[in-house]
file entry-v4.pdb (PDB, C-alpha atoms)
ATOM      1  CA  MET Y   1      66.052   5.760 240.062
ATOM      2  CA  PRO Y   2      69.283   6.955 238.360
ATOM      3  CA  THR Y   3      72.477   7.077 240.391
ATOM      4  CA  LEU Y   4      74.387  10.280 241.016
ATOM      5  CA  SER Y   5      76.984   9.242 238.429
ATOM      6  CA  GLU Y   6      74.268   8.634 235.826
ATOM      7  CA  LEU Y   7      72.777  12.029 236.570
ATOM      8  CA  ASN Y   8      76.200  13.665 236.285
ATOM      9  CA  CYS Y   9      76.724  11.993 232.897
ATOM     10  CA  SER Y  10      73.375  13.390 231.802
ATOM     11  CA  VAL Y  11      74.467  16.799 232.989
ATOM     12  CA  PHE Y  12      77.707  16.431 231.013
ATOM     13  CA  LEU Y  13      75.748  15.546 227.880
ATOM     14  CA  ALA Y  14      73.387  18.471 228.359
ATOM     15  CA  ALA Y  15      76.309  20.817 229.018
ATOM     16  CA  THR Y  16      77.752  19.998 225.632
ATOM     17  CA  ALA Y  17      74.938  21.961 224.046
ATOM     18  CA  ILE Y  18      76.075  25.063 225.828
ATOM     19  CA  LEU Y  19      79.765  24.500 225.247
ATOM     20  CA  LEU Y  20      79.613  23.442 221.627
ATOM     21  CA  SER Y  21      76.876  25.744 220.386
ATOM     22  CA  ALA Y  22      77.879  28.911 222.213
ATOM     23  CA  ALA Y  23      81.115  29.287 220.310
ATOM     24  CA  THR Y  24      81.639  31.299 217.193
ATOM     25  CA  PRO Y  25      82.687  29.638 213.935
ATOM     26  CA  ASP Y  26      86.230  30.978 214.297
ATOM     27  CA  SER Y  27      86.775  29.514 217.745
ATOM     28  CA  ASP Y  28      86.299  25.873 216.791
ATOM     29  CA  GLN Y  29      89.513  25.765 214.792
ATOM     30  CA  LEU Y  30      92.875  27.391 215.181
ATOM     31  CA  HIS Y  31      93.090  27.922 211.454
ATOM     32  CA  PRO Y  32      89.569  28.525 210.099
ATOM     33  CA  ASP Y  33      89.165  28.157 206.358
ATOM     34  CA  PRO Y  34      87.460  31.238 204.856
ATOM     35  CA  ARG Y  35      85.692  28.971 202.354
ATOM     36  CA  LEU Y  36      83.740  27.485 205.250
ATOM     37  CA  GLN Y  37      82.225  30.702 206.537
ATOM     38  CA  GLY Y  38      78.561  30.132 207.241
ATOM     39  CA  VAL Y  39      79.111  26.402 207.679
ATOM     40  CA  GLY Y  40      80.805  26.499 211.061
ATOM     41  CA  LEU Y  41      79.205  25.772 214.363
ATOM     42  CA  GLY Y  42      77.602  28.936 215.618
ATOM     43  CA  THR Y  43      74.454  29.990 217.369
ATOM     44  CA  GLU Y  44      72.861  30.982 214.058
ATOM     45  CA  HIS Y  45      72.625  27.289 213.156
ATOM     46  CA  SER Y  46      71.520  25.947 216.518
ATOM     47  CA  GLY Y  47      67.891  25.573 215.421
ATOM     48  CA  TRP Y  48      68.630  23.770 212.171
ATOM     49  CA  SER Y  49      66.818  20.554 211.492
ATOM     50  CA  MET Y  50      68.716  17.340 210.975
ATOM     51  CA  SER Y  51      67.808  17.429 207.280
ATOM     52  CA  LYS Y  52      69.464  20.850 206.969
ATOM     53  CA  LEU Y  53      72.567  19.551 208.736
ATOM     54  CA  GLU Y  54      72.625  16.500 206.458
ATOM     55  CA  GLU Y  55      72.449  18.865 203.487
ATOM     56  CA  GLN Y  56      75.385  20.886 204.836
ATOM     57  CA  VAL Y  57      77.486  17.712 205.115
ATOM     58  CA  ARG Y  58      76.468  16.716 201.588
ATOM     59  CA  LEU Y  59      77.271  20.163 200.180
ATOM     60  CA  HIS Y  60      80.527  20.504 202.144
ATOM     61  CA  PRO Y  61      81.965  16.976 202.458
ATOM     62  CA  LYS Y  62      85.452  18.329 203.201
ATOM     63  CA  SER Y  63      84.223  20.685 205.938
ATOM     64  CA  ALA Y  64      85.226  19.720 209.446
ATOM     65  CA  ALA Y  65      82.732  22.305 210.699
ATOM     66  CA  ALA Y  66      79.816  20.633 208.882
ATOM     67  CA  TYR Y  67      80.567  17.280 210.528
ATOM     68  CA  LEU Y  68      81.178  18.995 213.835
ATOM     69  CA  GLU Y  69      77.803  20.693 213.736
ATOM     70  CA  ARG Y  70      75.941  17.521 212.786
ATOM     71  CA  GLY Y  71      77.790  15.636 215.535
ATOM     72  CA  ASN Y  72      76.760  18.299 218.017
ATOM     73  CA  ALA Y  73      73.118  18.027 216.952
ATOM     74  CA  LEU Y  74      73.253  14.245 217.347
ATOM     75  CA  LEU Y  75      74.836  14.653 220.755
ATOM     76  CA  LEU Y  76      72.076  17.061 221.776
ATOM     77  CA  ASP Y  77      69.606  14.339 220.805
ATOM     78  CA  SER Y  78      71.587  11.890 223.016
ATOM     79  CA  ASP Y  79      72.497   9.909 219.897
ATOM     80  CA  ILE Y  80      76.104   9.415 220.955
ATOM     81  CA  ASP Y  81      76.686   6.356 218.780
ATOM     82  CA  ASN Y  82      75.996   8.372 215.631
ATOM     83  CA  ALA Y  83      77.681  11.537 216.903
ATOM     84  CA  LEU Y  84      81.061   9.832 217.322
ATOM     85  CA  PRO Y  85      81.702   9.181 213.601
ATOM     86  CA  ASP Y  86      80.988  12.845 212.845
ATOM     87  CA  PHE Y  87      83.468  14.013 215.476
ATOM     88  CA  ASN Y  88      85.994  11.502 214.153
ATOM     89  CA  ARG Y  89      85.497  12.766 210.598
ATOM     90  CA  ALA Y  90      85.865  16.384 211.725
ATOM     91  CA  ILE Y  91      89.220  15.455 213.275
ATOM     92  CA  GLU Y  92      90.297  13.602 210.133
ATOM     93  CA  LEU Y  93      89.562  16.727 208.102
ATOM     94  CA  ASP Y  94      91.091  19.108 210.658
ATOM     95  CA  PRO Y  95      93.290  17.471 213.310
ATOM     96  CA  ARG Y  96      93.440  20.806 215.158
ATOM     97  CA  CYS Y  97      89.662  21.040 215.621
ATOM     98  CA  ALA Y  98      89.636  21.148 219.415
ATOM     99  CA  ARG Y  99      85.845  21.290 219.586
ATOM    100  CA  ALA Y 100      85.622  17.829 217.961
ATOM    101  CA  TYR Y 101      87.869  16.414 220.702
ATOM    102  CA  ILE Y 102      85.534  17.949 223.275
ATOM    103  CA  GLY Y 103      82.617  16.358 221.431
ATOM    104  CA  ARG Y 104      84.373  13.000 221.661
ATOM    105  CA  TYR Y 105      84.856  13.637 225.385
ATOM    106  CA  PHE Y 106      81.075  13.903 225.822
ATOM    107  CA  VAL Y 107      80.573  10.705 223.809
ATOM    108  CA  CYS Y 108      83.126   8.898 225.989
ATOM    109  CA  CYS Y 109      81.371  10.127 229.129
ATOM    110  CA  GLY Y 110      78.083   8.821 227.782
ATOM    111  CA  GLN Y 111      79.750   5.457 227.164
ATOM    112  CA  ARG Y 112      81.362   5.593 230.624
ATOM    113  CA  GLN Y 113      84.867   5.458 229.118
ATOM    114  CA  PHE Y 114      86.298   8.009 231.498
ATOM    115  CA  ARG Y 115      89.996   7.412 230.838
ATOM    116  CA  GLN Y 116      89.448   7.953 227.127
ATOM    117  CA  ALA Y 117      87.338  11.011 227.940
ATOM    118  CA  LEU Y 118      90.303  12.481 229.811
ATOM    119  CA  ALA Y 119      92.580  11.768 226.837
ATOM    120  CA  GLU Y 120      90.182  13.652 224.539
ATOM    121  CA  LEU Y 121      90.173  16.653 226.870
ATOM    122  CA  LYS Y 122      93.960  16.653 227.121
ATOM    123  CA  LYS Y 123      94.193  16.813 223.345
ATOM    124  CA  ALA Y 124      91.651  19.652 223.204
ATOM    125  CA  TYR Y 125      93.645  21.461 225.880
ATOM    126  CA  GLU Y 126      96.884  21.053 223.893
ATOM    127  CA  ILE Y 127      95.584  22.277 220.545
ATOM    128  CA  GLY Y 128      92.719  24.593 221.382
ATOM    129  CA  PRO Y 129      92.755  28.366 221.492
ATOM    130  CA  PRO Y 130      93.183  29.752 225.033
ATOM    131  CA  ASP Y 131      89.477  29.990 225.908
ATOM    132  CA  MET Y 132      88.754  26.480 224.679
ATOM    133  CA  SER Y 133      91.847  25.117 226.425
ATOM    134  CA  MET Y 134      90.524  26.509 229.689
ATOM    135  CA  ASP Y 135      87.109  24.950 229.009
ATOM    136  CA  ALA Y 136      88.823  21.602 228.412
ATOM    137  CA  LEU Y 137      90.874  21.950 231.599
ATOM    138  CA  ASN Y 138      87.747  22.834 233.579
ATOM    139  CA  LEU Y 139      85.987  19.755 232.211
ATOM    140  CA  GLN Y 140      89.042  17.653 233.091
ATOM    141  CA  ALA Y 141      88.843  18.915 236.668
ATOM    142  CA  ALA Y 142      85.129  18.095 236.858
ATOM    143  CA  LEU Y 143      85.742  14.604 235.485
ATOM    144  CA  HIS Y 144      88.576  13.987 237.944
ATOM    145  CA  GLN Y 145      86.214  15.118 240.689
ATOM    146  CA  GLU Y 146      83.512  12.738 239.408
ATOM    147  CA  MET Y 147      86.107   9.936 239.416
ATOM    148  CA  HIS Y 148      87.012  10.836 243.036
ATOM    149  CA  GLN Y 149      90.515  11.865 241.979
ATOM    150  CA  PHE Y 150      90.443  14.931 244.156
ATOM    151  CA  PRO Y 151      94.120  15.981 244.086
ATOM    152  CA  GLU Y 152      94.058  15.996 240.269
ATOM    153  CA  ALA Y 153      90.779  17.903 240.258
ATOM    154  CA  LEU Y 154      92.125  20.479 242.682
ATOM    155  CA  GLY Y 155      95.270  20.959 240.622
ATOM    156  CA  GLU Y 156      93.291  21.494 237.433
ATOM    157  CA  TYR Y 157      90.768  23.829 239.041
ATOM    158  CA  THR Y 158      93.712  25.810 240.414
ATOM    159  CA  ARG Y 159      95.207  26.089 236.909
ATOM    160  CA  VAL Y 160      91.850  27.261 235.550
ATOM    161  CA  ILE Y 161      91.670  30.008 238.157
TER     162      ILE Y 161
END

call {"tool": "encode", "arguments": {"input": "entry-v4.pdb", "output": "structure tokens"}}
result
Amino acid sequence: MPTLSELNCSVFLAATAILLSAATPDSDQLHPDPRLQGVGLGTEHSGWSMSKLEEQVRLHPKSAAAYLERGNALLLDSDIDNALPDFNRAIELDPRCARAYIGRYFVCCGQRQFRQALAELKKAYEIGPPDMSMDALNLQAALHQEMHQFPEALGEYTRVI
């Protein structure tokens, strides 16, 4: 029988699907590149097969959005070990890609590296557009709550409100 913490980690991993796939291509970067239109993470690609995502990475090897989308798909399949390099590559290509930091947060949660998960969310909060910064802050509050750091959680939830 899984513990409450294991169930919460599963919920975090499942929630990434909603958070990462519900955004529009323009919201995953502060400075979207017009050459990448149609490659970014958006709901129109959410049903793509892994082979299609592999093709997008092959066709657009300098596209942070292509790696981001493949990383998201791997994360949805609970393949966190293979998702992490894609999120890392997305950040190498676009250090201001807040969504990739949030992806790394979910990987860290899956690996039970909660301090590193908080660091990823703080970076996403710092660089993300306002709506994504609030998502990152909300996730920080939930993680602090999960870690029984209630004053920190309360402070962050208050800032979100």

call {"tool": "residues_around", "arguments": {"input": "entry-v4.pdb", "residues": "range 130-141 of chain Y", "least_positions_apart": "6", "cutoff": "6 Å", "atoms": "only C-alpha atoms", "output": "NGL selection string"}}
result
:Y and (121 or 153 or 156-157)

call {"tool": "closest_residue", "arguments": {"input": "entry-v4.pdb", "among": "Y:Ala66, Y:Leu74, Y:Leu143, Y:Leu59", "to": "Gln113 in chain Y", "atoms": "only C-alpha atoms"}}
result
Y:Leu143

call {"tool": "residues_near_point", "arguments": {"input": "entry-v4.pdb", "point": "(67.6, 20.1, 211.9)", "cutoff": "12 Å", "atoms": "all atoms listed in the file", "output": "VMD selection string"}}
result
chain Y and resid 45 to 56 69 to 74 76 to 77

call {"tool": "axis_aligned_box", "arguments": {"input": "entry-v4.pdb", "around": "range 95-111 of chain Y", "padding_each_side": "5 Å", "output": "AutoDock Vina command-line options"}}
result
--center_x 85.8 --center_y 13.4 --center_z 221.2 --size_x 25.4 --size_y 25.8 --size_z 25.8

call {"tool": "closest_residue", "arguments": {"input": "entry-v4.pdb", "among": "Y:Ala117, Y:Ile127, Y:Cys108, Y:Val57", "to": "Arg89 in chain Y", "atoms": "only C-alpha atoms"}}
result
Y:Val57

call {"tool": "atom_distance", "arguments": {"input": "entry-v4.pdb", "atom1": "CA of Leu84 in chain Y", "atom2": "CA of His148 in chain Y"}}
result
26.4 Å

call {"tool": "atom_distance", "arguments": {"input": "entry-v4.pdb", "atom1": "CA of Ala64 in chain Y", "atom2": "CA of Ala142 in chain Y"}}
result
27.5 Å

call {"tool": "closest_residue", "arguments": {"input": "entry-v4.pdb", "among": "Y:Ala98, Y:Val107, Y:His60, Y:Thr158", "to": "Asn82 in chain Y", "atoms": "all atoms listed in the file"}}
result
Y:Val107

call {"tool": "atom_distance", "arguments": {"input": "entry-v4.pdb", "atom1": "CA of Leu68 in chain Y", "atom2": "CA of Arg112 in chain Y"}}
result
21.5 Å

call {"tool": "residues_around", "arguments": {"input": "entry-v4.pdb", "residues": "Ile102 in chain Y", "least_positions_apart": "2", "cutoff": "8 Å", "atoms": "only C-alpha atoms", "output": "ChimeraX atom specification"}}
result
/Y:98-100,104-106,120-121,124,136

call {"tool": "write_last_selection", "arguments": {"input": "entry-v4.pdb", "atoms": "C-alpha atoms", "output": "JSON list (two decimals), in the coordinates of the input"}}
result
[["chain", "number", "residue", "atom", "x", "y", "z"],
["Y", 98, "ALA", "CA", 89.64, 21.15, 219.42],
["Y", 99, "ARG", "CA", 85.84, 21.29, 219.59],
["Y", 100, "ALA", "CA", 85.62, 17.83, 217.96],
["Y", 104, "ARG", "CA", 84.37, 13.00, 221.66],
["Y", 105, "TYR", "CA", 84.86, 13.64, 225.38],
["Y", 106, "PHE", "CA", 81.08, 13.90, 225.82],
["Y", 120, "GLU", "CA", 90.18, 13.65, 224.54],
["Y", 121, "LEU", "CA", 90.17, 16.65, 226.87],
["Y", 124, "ALA", "CA", 91.65, 19.65, 223.20],
["Y", 136, "ALA", "CA", 88.82, 21.60, 228.41]]

call {"tool": "closest_residue", "arguments": {"input": "entry-v4.pdb", "among": "Y:Gln145, Y:Cys109, Y:Ala90, Y:Ser78", "to": "Pro61 in chain Y", "atoms": "only C-alpha atoms"}}
result
Y:Ala90
